[in-house]
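Visitor: Sending over model01.tsv (TSV, C-alpha atoms and all ligand atoms).
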chain	number	residue	atom	x	y	z
K	1	MET	CA	111.46	94.44	114.31
K	2	ALA	CA	109.37	97.61	114.14
K	3	PRO	CA	110.05	99.50	110.87
K	4	ARG	CA	113.11	101.75	111.03
K	5	ASN	CA	114.48	104.46	108.75
K	6	PRO	CA	117.94	103.85	107.26
K	7	PHE	CA	119.22	106.80	109.35
K	8	ILE	CA	118.89	106.94	113.15
K	9	THR	CA	115.72	108.91	113.93
K	10	VAL	CA	115.08	110.77	117.18
K	11	VAL	CA	111.91	112.74	117.86
K	12	VAL	CA	112.47	115.59	120.31
K	13	THR	CA	109.49	116.77	122.38
K	14	GLY	CA	108.72	119.04	125.34
K	15	VAL	CA	106.25	121.70	126.40
K	16	PRO	CA	106.24	125.05	124.55
K	17	GLY	CA	109.17	127.22	125.64
K	18	VAL	CA	111.12	124.45	127.43
K	19	GLY	CA	113.97	124.95	124.95
K	20	LYS	CA	113.73	122.25	122.24
K	21	THR	CA	114.80	124.50	119.37
K	22	THR	CA	117.59	126.09	121.45
K	23	VAL	CA	118.99	122.73	122.59
K	24	LEU	CA	118.82	121.33	119.06
K	25	ASN	CA	120.83	124.29	117.74
K	26	HIS	CA	123.55	123.27	120.20
K	27	VAL	CA	123.26	119.63	119.11
K	28	VAL	CA	123.95	120.65	115.51
K	29	GLU	CA	127.04	122.62	116.54
K	30	LEU	CA	128.43	119.85	118.77
K	31	ALA	CA	127.68	117.12	116.24
K	32	ARG	CA	129.41	118.99	113.43
K	33	ALA	CA	132.50	119.40	115.59
K	34	GLU	CA	132.52	115.60	116.00
K	35	GLY	CA	131.94	114.98	112.31
K	36	LEU	CA	128.47	113.43	112.83
K	37	ARG	CA	125.98	113.91	109.99
K	38	VAL	CA	123.01	115.41	111.83
K	39	LEU	CA	119.87	116.93	110.28
K	40	VAL	CA	117.33	118.80	112.42
K	41	LEU	CA	113.88	119.34	110.93
K	42	ASN	CA	111.08	121.24	112.66
K	43	PHE	CA	107.75	119.40	112.31
K	44	GLY	CA	105.82	122.64	112.81
K	45	ASP	CA	107.59	124.18	109.79
K	46	PHE	CA	106.18	121.44	107.55
K	47	MET	CA	102.69	121.81	109.06
K	48	LEU	CA	102.85	125.59	108.76
K	49	GLU	CA	103.88	125.61	105.12
K	50	GLU	CA	100.87	123.46	104.23
K	51	ALA	CA	98.48	125.32	106.57
K	52	ARG	CA	99.46	128.62	104.94
K	53	ARG	CA	99.14	127.13	101.47
K	54	ARG	CA	95.57	126.13	102.38
K	55	GLY	CA	94.92	129.63	103.79
K	56	LEU	CA	94.16	128.26	107.30
K	57	VAL	CA	96.60	130.34	109.37
K	58	GLU	CA	99.08	133.19	109.18
K	59	HIS	CA	101.53	132.19	111.93
K	60	ARG	CA	102.62	128.99	113.71
K	61	ASP	CA	100.94	129.66	117.06
K	62	GLN	CA	97.52	129.66	115.38
K	63	MET	CA	97.74	126.02	114.29
K	64	ARG	CA	96.90	124.49	117.70
K	65	HIS	CA	93.60	126.40	117.60
K	66	LEU	CA	92.47	124.78	114.33
K	67	PRO	CA	89.73	122.09	114.42
K	68	LEU	CA	91.34	118.74	115.31
K	69	ARG	CA	90.40	117.10	112.02
K	70	ARG	CA	92.36	119.83	110.25
K	71	GLN	CA	95.31	119.40	112.61
K	72	LEU	CA	95.35	115.67	111.95
K	73	GLU	CA	95.41	116.25	108.17
K	74	LEU	CA	98.30	118.67	108.60
K	75	GLN	CA	100.17	116.29	110.92
K	76	GLU	CA	99.91	113.39	108.49
K	77	TYR	CA	100.97	115.61	105.62
K	78	ALA	CA	103.93	116.98	107.62
K	79	ALA	CA	105.15	113.53	108.72
K	80	GLU	CA	105.24	112.30	105.14
K	81	ALA	CA	106.87	115.46	103.74
K	82	LEU	CA	109.43	115.57	106.54
K	83	ILE	CA	110.58	111.96	106.10
K	84	LYS	CA	110.78	112.48	102.35
K	85	ALA	CA	112.97	115.56	102.87
K	86	ALA	CA	115.18	113.67	105.32
K	87	ALA	CA	115.57	110.66	103.02
K	88	ALA	CA	116.73	112.97	100.22
K	89	ARG	CA	119.48	114.37	102.43
K	90	LEU	CA	120.60	111.60	104.82
K	91	GLY	CA	122.25	108.27	104.22
K	92	PRO	CA	122.37	105.34	106.66
K	93	GLU	CA	125.26	106.99	108.52
K	94	GLY	CA	123.07	110.03	109.31
K	95	TYR	CA	120.98	111.14	112.27
K	96	LEU	CA	117.58	112.81	111.92
K	97	LEU	CA	116.29	114.92	114.82
K	98	VAL	CA	112.65	116.03	114.63
K	99	ASP	CA	111.77	119.15	116.67
K	100	THR	CA	108.13	118.63	117.69
K	101	HIS	CA	105.57	117.98	120.45
K	102	ALA	CA	104.21	114.79	122.08
K	103	ILE	CA	101.11	116.66	123.25
K	104	VAL	CA	99.41	119.82	122.02
K	105	LYS	CA	97.05	121.85	124.21
K	106	THR	CA	94.02	122.73	122.09
K	107	PRO	CA	90.68	124.37	122.96
K	108	THR	CA	89.09	120.91	122.50
K	109	GLY	CA	91.48	118.93	124.68
K	110	PHE	CA	95.01	117.57	124.85
K	111	TRP	CA	95.83	116.31	121.40
K	112	PRO	CA	98.58	113.79	120.60
K	113	GLY	CA	101.42	115.24	118.58
K	114	LEU	CA	102.44	111.69	117.67
K	115	PRO	CA	99.23	109.69	117.10
K	116	ARG	CA	99.61	106.30	115.40
K	117	PRO	CA	99.56	107.45	111.73
K	118	VAL	CA	102.12	110.16	112.48
K	119	VAL	CA	104.57	108.19	114.61
K	120	GLU	CA	104.36	105.25	112.21
K	121	LYS	CA	105.50	107.54	109.40
K	122	LEU	CA	108.33	109.08	111.45
K	123	ARG	CA	109.59	105.67	112.68
K	124	PRO	CA	111.67	106.98	115.60
K	125	ASP	CA	114.28	104.89	117.38
K	126	SER	CA	113.84	107.12	120.41
K	127	ILE	CA	111.58	109.90	121.72
K	128	VAL	CA	113.32	112.58	123.78
K	129	VAL	CA	111.33	114.54	126.37
K	130	ILE	CA	113.03	117.81	127.29
K	131	GLU	CA	112.06	119.10	130.73
K	132	ALA	CA	112.77	122.06	133.02
K	133	PRO	CA	111.17	123.39	136.22
K	134	PRO	CA	107.72	124.83	135.27
K	135	GLU	CA	108.61	128.25	136.74
K	136	GLN	CA	111.61	128.45	134.41
K	137	VAL	CA	109.53	127.44	131.40
K	138	VAL	CA	107.08	130.28	132.13
K	139	ALA	CA	109.96	132.75	132.49
K	140	ARG	CA	111.49	131.57	129.20
K	141	GLN	CA	108.17	131.99	127.40
K	142	ALA	CA	107.87	135.52	128.79
K	143	ARG	CA	111.36	136.45	127.54
K	144	ASP	CA	110.74	134.95	124.10
K	145	THR	CA	108.58	137.70	122.59
K	146	GLY	CA	108.69	136.32	119.04
K	147	ARG	CA	106.07	133.67	119.91
K	148	VAL	CA	102.41	133.83	121.00
K	149	ARG	CA	102.14	131.30	123.86
K	150	LYS	CA	99.66	133.04	126.20
K	151	ASP	CA	97.36	129.99	126.17
K	152	VAL	CA	100.07	127.78	127.71
K	153	ALA	CA	101.87	130.32	129.89
K	154	ASP	CA	101.01	129.91	133.60
K	155	VAL	CA	102.83	127.58	136.01
K	156	ASP	CA	99.84	125.28	136.69
K	157	THR	CA	99.16	124.86	132.97
K	158	VAL	CA	102.83	124.11	132.24
K	159	ARG	CA	102.96	121.57	135.11
K	160	GLU	CA	99.85	119.80	133.79
K	161	MET	CA	101.21	119.83	130.24
K	162	MET	CA	104.52	118.32	131.40
K	163	ALA	CA	102.68	115.38	132.99
K	164	MET	CA	100.58	114.90	129.85
K	165	ALA	CA	103.68	115.23	127.63
K	166	ARG	CA	105.52	112.41	129.42
K	167	ALA	CA	102.47	110.16	129.26
K	168	ALA	CA	101.94	110.96	125.57
K	169	ALA	CA	105.60	110.28	124.74
K	170	VAL	CA	105.37	106.84	126.35
K	171	ALA	CA	102.09	106.06	124.58
K	172	SER	CA	103.62	106.94	121.20
K	173	ALA	CA	106.84	105.06	121.97
K	174	VAL	CA	104.86	101.87	122.62
K	175	LEU	CA	103.30	102.05	119.14
K	176	VAL	CA	106.67	101.91	117.36
K	177	SER	CA	109.03	100.28	119.89
K	178	ALA	CA	110.99	103.47	120.62
K	179	SER	CA	112.76	104.39	123.86
K	180	VAL	CA	111.78	107.44	125.90
K	181	TYR	CA	114.79	109.54	126.93
K	182	VAL	CA	114.22	112.37	129.42
K	183	VAL	CA	116.66	115.31	129.24
K	184	GLU	CA	116.82	118.18	131.73
K	185	ASN	CA	117.39	121.64	130.24
K	186	PRO	CA	118.42	123.69	133.31
K	187	GLU	CA	118.67	127.47	133.25
K	188	GLY	CA	121.73	128.62	131.32
K	189	ARG	CA	122.81	125.05	130.53
K	190	ALA	CA	121.24	124.23	127.16
K	191	ARG	CA	124.62	123.03	125.91
K	192	GLU	CA	124.74	120.31	128.58
K	193	ALA	CA	121.27	119.18	127.55
K	194	ALA	CA	122.58	118.98	123.98
K	195	GLN	CA	125.49	116.81	125.21
K	196	ARG	CA	122.98	114.33	126.71
K	197	ILE	CA	121.25	114.10	123.33
K	198	LEU	CA	124.59	113.46	121.62
K	199	GLU	CA	125.22	110.63	124.08
K	200	LEU	CA	121.85	109.19	123.08
K	201	LEU	CA	122.69	109.41	119.36
K	202	ARG	CA	126.02	107.62	119.88
K	203	GLY	CA	124.30	104.93	121.94
K	204	LEU	CA	121.62	104.24	119.33
K	205	ARG	CA	124.11	103.36	116.57
K	301	LIG	P1	108.27	125.90	121.17
K	301	LIG	O1	107.74	124.54	121.51
K	301	LIG	O2	107.25	126.93	121.44
K	301	LIG	O3	108.91	125.99	119.83
K	301	LIG	P2	110.88	125.53	122.36
K	301	LIG	O4	110.80	124.37	123.28
K	301	LIG	O5	111.49	125.29	121.03
K	301	LIG	O6	109.45	126.21	122.25
K	301	LIG	P3	112.86	127.61	122.57
K	301	LIG	O7	112.29	128.51	121.55
K	301	LIG	O8	114.07	126.84	122.23
K	301	LIG	O9	111.72	126.65	123.13
K	301	LIG	O10	113.22	128.41	123.90
K	301	LIG	C1	112.29	129.33	124.49
K	301	LIG	C2	113.10	130.45	125.14
K	301	LIG	O11	113.85	129.92	126.23
K	301	LIG	C3	114.11	131.12	124.20
K	301	LIG	O12	114.12	132.50	124.46
K	301	LIG	C4	115.44	130.48	124.60
K	301	LIG	O13	116.52	131.35	124.38
K	301	LIG	C5	115.22	130.22	126.08
K	301	LIG	N1	115.98	129.05	126.59
K	301	LIG	C6	116.01	127.81	126.08
K	301	LIG	N2	116.77	127.00	126.83
K	301	LIG	C7	117.26	127.74	127.84
K	301	LIG	C8	118.11	127.49	128.98
K	301	LIG	N3	118.65	126.29	129.20
K	301	LIG	N4	118.35	128.50	129.80
K	301	LIG	C9	117.83	129.73	129.60
K	301	LIG	N5	117.03	130.05	128.58
K	301	LIG	C10	116.73	129.07	127.70
K	302	LIG	P1	106.88	124.66	117.37
K	302	LIG	O1	107.63	125.76	116.71
K	302	LIG	O2	107.69	123.44	117.62
K	302	LIG	O3	106.15	125.11	118.61
K	302	LIG	O4	105.75	124.22	116.34
K	302	LIG	C1	104.77	125.15	115.95
K	302	LIG	C2	103.39	124.56	116.04
K	302	LIG	O5	103.33	123.44	115.17
K	302	LIG	C3	102.97	124.02	117.40
K	302	LIG	O6	102.51	125.02	118.26
K	302	LIG	C4	101.87	123.07	117.00
K	302	LIG	O7	100.67	123.76	116.73
K	302	LIG	C5	102.38	122.51	115.69
K	302	LIG	N1	103.04	121.22	115.86
K	302	LIG	C6	104.36	120.94	115.90
K	302	LIG	N2	104.55	119.63	116.04
K	302	LIG	C7	103.32	119.06	116.08
K	302	LIG	C8	102.83	117.72	116.17
K	302	LIG	N3	103.64	116.66	116.24
K	302	LIG	N4	101.50	117.54	116.17
K	302	LIG	C9	100.65	118.57	116.08
K	302	LIG	N5	101.04	119.84	115.98
K	302	LIG	C10	102.36	120.07	115.97
K	303	MG	MG	110.73	125.57	119.08
Spell out the structure here as structure tokens.
Guide:
Amino acid sequence: MAPRNPFITVVVTGVPGVGKTTVLNHVVELARAEGLRVLVLNFGDFMLEEARRRGLVEHRDQMRHLPLRRQLELQEYAAEALIKAAAARLGPEGYLLVDTHAIVKTPTGFWPGLPRPVVEKLRPDSIVVIEAPPEQVVARQARDTGRVRKDVADVDTVREMMAMARAAAVASAVLVSASVYVVENPEGRAREAAQRILELLRGLR
């Protein structure tokens, strides 16, 4: 069998602004109500902490503009640090959800968020792809003024990224024998998307 973590591990992906972080907040709430031990960790937080420590960036939306060799170093660092943090907090009864990206749009091409060294460290049982109509993703990005997503903000770009994101999720899943689980996040219904993810978690046990 492909290596597994003691806890169930699910990597959650989707284009910028589709609603990963929002849906995962609902997952935490719903899981707690059911008494499930769920931990959500944001991969970008681990990359950002190290990128700032090295003086490479000031905020998270600058990281995808770094040279790819730098991004790869940060990804490998983040994967290791994240799994270490999870292992310190979760037993075999737990569920780890990683808030991240299967594909990253960079000035030098589409870059895998889960290349072999990264996905082999994370050891997911499943890779979730959150999706929504491209027009809604653009509208969500526009409303969410706390982030700088201008480079990924028009409908054609979002549509292209969604196709690449699905393909990238499958490619990464093949490397570690994970399933790919597509979840719709329709307008105003993030809680229902969270319910689908809870169903996945229950099914993986
Ligand atoms: P990033 O990859 O950049 O971190 P994300 O996928 O985590 O983005 P969020 O930050 O969760 O996206 O959501 C982007 C915006 O869309 C937020 O303002 C959020 O409130 C809104 N949003 C998320 N899901 C829905 C939904 N189902 N209906 C309406 N608005 C939503
Ligand atoms: P997020 O808040 O999820 O958008 O993450 C912030 C930033 O972290 C993203 O815009 C990417 O630059 C970076 N990031 C997150 N996950 C990954 C990943 N798996 N591979 C490469 N970069 C990532
Ligand atoms: Mg997010």
Visitor: So, counting only C-alpha atoms and all ligand atoms, which residue among K:Arg70, K:Arg37, K:His101, K:Arg52 is closest to ligand MG 303 (chain K)?
Guide: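 Of K:Arg70, K:Arg37, K:His101, K:Arg52, the one nearest ligand MG 303 (chain K) is K:His101, counting only C-alpha atoms and all ligand atoms.
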Visitor: What's the separation between CA of Leu41 in chain K and CA of Ser126 in chain K, in Å to one decimal place?
Guide: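 A separation of 15.5 Å between them.
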Visitor: So what do you get for CA of Tyr95 in chain K versus CA of Ile8 in chain K, distance-wise?
Guide: 4.8 Å
Visitor: Find, counting only C-alpha atoms and all ligand atoms, the residue in K:Arg147, K:Glu80, K:Val138, K:Gly109 that gets nearest to ligand LIG 302 (chain K).
Guide: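 Answer, going by the shortest atom-to-atom distance: K:Arg147.
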Visitor: From the list K:Ala86, K:Ala142, K:Ala173, K:Val23, which residue is nearest Ile130 in chain K when using only C-alpha atoms?
Guide: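 The answer is K:Val23, which sits nearest to Ile130 in chain K.
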Visitor: List every residue of chain K that has an atom at most 6 Å from any atom of ligand LIG 301 (chain K), giving for each one its closest atom pair and the distance in Å to one decimal, counting only C-alpha atoms and all ligand atoms, sorted by chain and then by ascending residue number, as CSV.
Guide:
residue,atom,partner,partner_atom,distance
K:Val15,CA,K:LIG301,O1,5.8
K:Pro16,CA,K:LIG301,O1,3.4
K:Gly17,CA,K:LIG301,O6,3.5
K:Val18,CA,K:LIG301,O4,4.2
K:Gly19,CA,K:LIG301,O8,3.3
K:Lys20,CA,K:LIG301,O4,3.8
K:Thr21,CA,K:LIG301,O8,3.8
K:Thr22,CA,K:LIG301,O8,3.7
K:Arg140,CA,K:LIG301,O11,4.1
K:Gln141,CA,K:LIG301,C2,5.6
K:Arg143,CA,K:LIG301,O12,5.7
K:Asp144,CA,K:LIG301,O12,4.2
K:Asn185,CA,K:LIG301,N3,4.9
K:Pro186,CA,K:LIG301,N3,4.9
K:Glu187,CA,K:LIG301,N4,3.6
K:Gly188,CA,K:LIG301,N4,3.7
K:Arg189,CA,K:LIG301,N3,4.5
K:Ala190,CA,K:LIG301,N3,3.9
Visitor: My list of candidates is K:Gly146, K:Gly203, K:Pro112, K:Gly55. Which is closest to ligand LIG 302 (chain K) when distances are computed with only C-alpha atoms and all ligand atoms?
Guide: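 That would be K:Pro112, the residue with the smallest distance to ligand LIG 302 (chain K).
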Visitor: Go through K:Ile127, K:Leu175, K:Ile197, K:Met164 one by one, measure the shortest atom-to-atom distance of each to Pro115 in chain K using only C-alpha atoms, and give the residue with the smallest value.
Guide: K:Leu175
Visitor: Quick one: everything within 8 Å of Leu122 in chain K, counting only C-alpha atoms, minus sequence neighbours fewer than 2 positions away in the same chain. Send it as a ChimeraX atom specification.
Guide: /K:9,79-80,83,118-120,124
Visitor: Ranking K:Glu58, K:Glu73, K:Glu160, K:Asp154 by minimum distance to Phe110 in chain K and counting all atoms listed in the file, which one comes first?
Guide: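 That would be K:Glu160, the residue with the smallest distance to Phe110 in chain K.
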Visitor: Residues up to 7 Å from ligand LIG 302 (chain K), counting all atoms listed in the file: could you list those as a list in words?
Guide: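 The distance check yields Pro16, Asn42, Phe43, Gly44, Asp45, Met47, Leu48, Arg60, Asp61, Gln62, Met63, Arg64, Gln71, Gln75, Asp99, Thr100, His101, Ala102, Val104, Pro112, Gly113 and Leu114 of chain K.
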Visitor: Please, what distance in Å, to one decimal, runs between CA of Ala171 in chain K and CA of Arg116 in chain K?
Guide: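 Separating CA of Ala171 in chain K from CA of Arg116 in chain K is a distance of 9.5 Å.
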Visitor: If you count all atoms listed in the file, which residues fall within 8 Å of Gln195 in chain K, apart from same-chain ones fewer than 4 positions away, as a PDB file with C-alpha atoms, in the frame of the given file?
Guide:
ATOM      1  CA  VAL K  27     123.260 119.630 119.110  1.00  0.00           C
ATOM      2  CA  LEU K  30     128.430 119.850 118.770  1.00  0.00           C
ATOM      3  CA  ARG K 191     124.620 123.030 125.910  1.00  0.00           C
ATOM      4  CA  GLU K 199     125.220 110.630 124.080  1.00  0.00           C
TER       5      GLU K 199
END
Visitor: Need the shell around Ala31 in chain K: protein/DNA/RNA residues with any atom at most 10 Å away, counting only C-alpha atoms. Skip same-chain ones fewer than 3 positions apart. Format as a list in words?
Guide: His26, Val27, Val28, Glu34, Gly35, Leu36, Arg37, Val38, Leu39, Tyr95, Ala194, Gln195, Leu198 and Leu201 of chain K
Visitor: Just to be explicit: take each residue in the selection above, keep C-alpha atoms, and write the result as a PDB file, keeping the file's coordinate frame.
Guide:
ATOM      1  CA  HIS K  26     123.550 123.270 120.200  1.00  0.00           C
ATOM      2  CA  VAL K  27     123.260 119.630 119.110  1.00  0.00           C
ATOM      3  CA  VAL K  28     123.950 120.650 115.510  1.00  0.00           C
ATOM      4  CA  GLU K  34     132.520 115.600 116.000  1.00  0.00           C
ATOM      5  CA  GLY K  35     131.940 114.980 112.310  1.00  0.00           C
ATOM      6  CA  LEU K  36     128.470 113.430 112.830  1.00  0.00           C
ATOM      7  CA  ARG K  37     125.980 113.910 109.990  1.00  0.00           C
ATOM      8  CA  VAL K  38     123.010 115.410 111.830  1.00  0.00           C
ATOM      9  CA  LEU K  39     119.870 116.930 110.280  1.00  0.00           C
ATOM     10  CA  TYR K  95     120.980 111.140 112.270  1.00  0.00           C
ATOM     11  CA  ALA K 194     122.580 118.980 123.980  1.00  0.00           C
ATOM     12  CA  GLN K 195     125.490 116.810 125.210  1.00  0.00           C
ATOM     13  CA  LEU K 198     124.590 113.460 121.620  1.00  0.00           C
ATOM     14  CA  LEU K 201     122.690 109.410 119.360  1.00  0.00           C
TER      15      LEU K 201
END
Visitor: Just the residues within 10 Å of Ala87 in chain K, please, counting only C-alpha atoms, with nothing from its chain fewer than 6 positions along; format it as a PyMOL selection string.
Guide: chain K and resi 5-7+81+94+96
Visitor: Taking (116.9, 118.3, 128.5) in the file's own coordinates, collect the residues within 7 Å, counting all atoms listed in the file, and hand them back as a list in words.
Guide: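 Those within range, by chain then number, are Ile130, Glu131, Val182, Val183, Glu184, Asn185 and Ala193 of chain K.
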Visitor: Could you write those residues out with C-alpha atoms, as a PDB file, keeping the file's coordinate frame?
Guide:
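Once written, part35.pdb looks like this:
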ATOM      1  CA  ILE K 130     113.030 117.810 127.290  1.00  0.00           C
ATOM      2  CA  GLU K 131     112.060 119.100 130.730  1.00  0.00           C
ATOM      3  CA  VAL K 182     114.220 112.370 129.420  1.00  0.00           C
ATOM      4  CA  VAL K 183     116.660 115.310 129.240  1.00  0.00           C
ATOM      5  CA  GLU K 184     116.820 118.180 131.730  1.00  0.00           C
ATOM      6  CA  ASN K 185     117.390 121.640 130.240  1.00  0.00           C
ATOM      7  CA  ALA K 193     121.270 119.180 127.550  1.00  0.00           C
TER       8      ALA K 193
END
Visitor: Starting from the point (92.7, 122.3, 120.1), work out which residues of protein, DNA or RNA have an atom no more than 7 Å away when counting only C-alpha atoms; state them as a PyMOL selection string.
Guide: chain K and resi 64-68+105-109+111
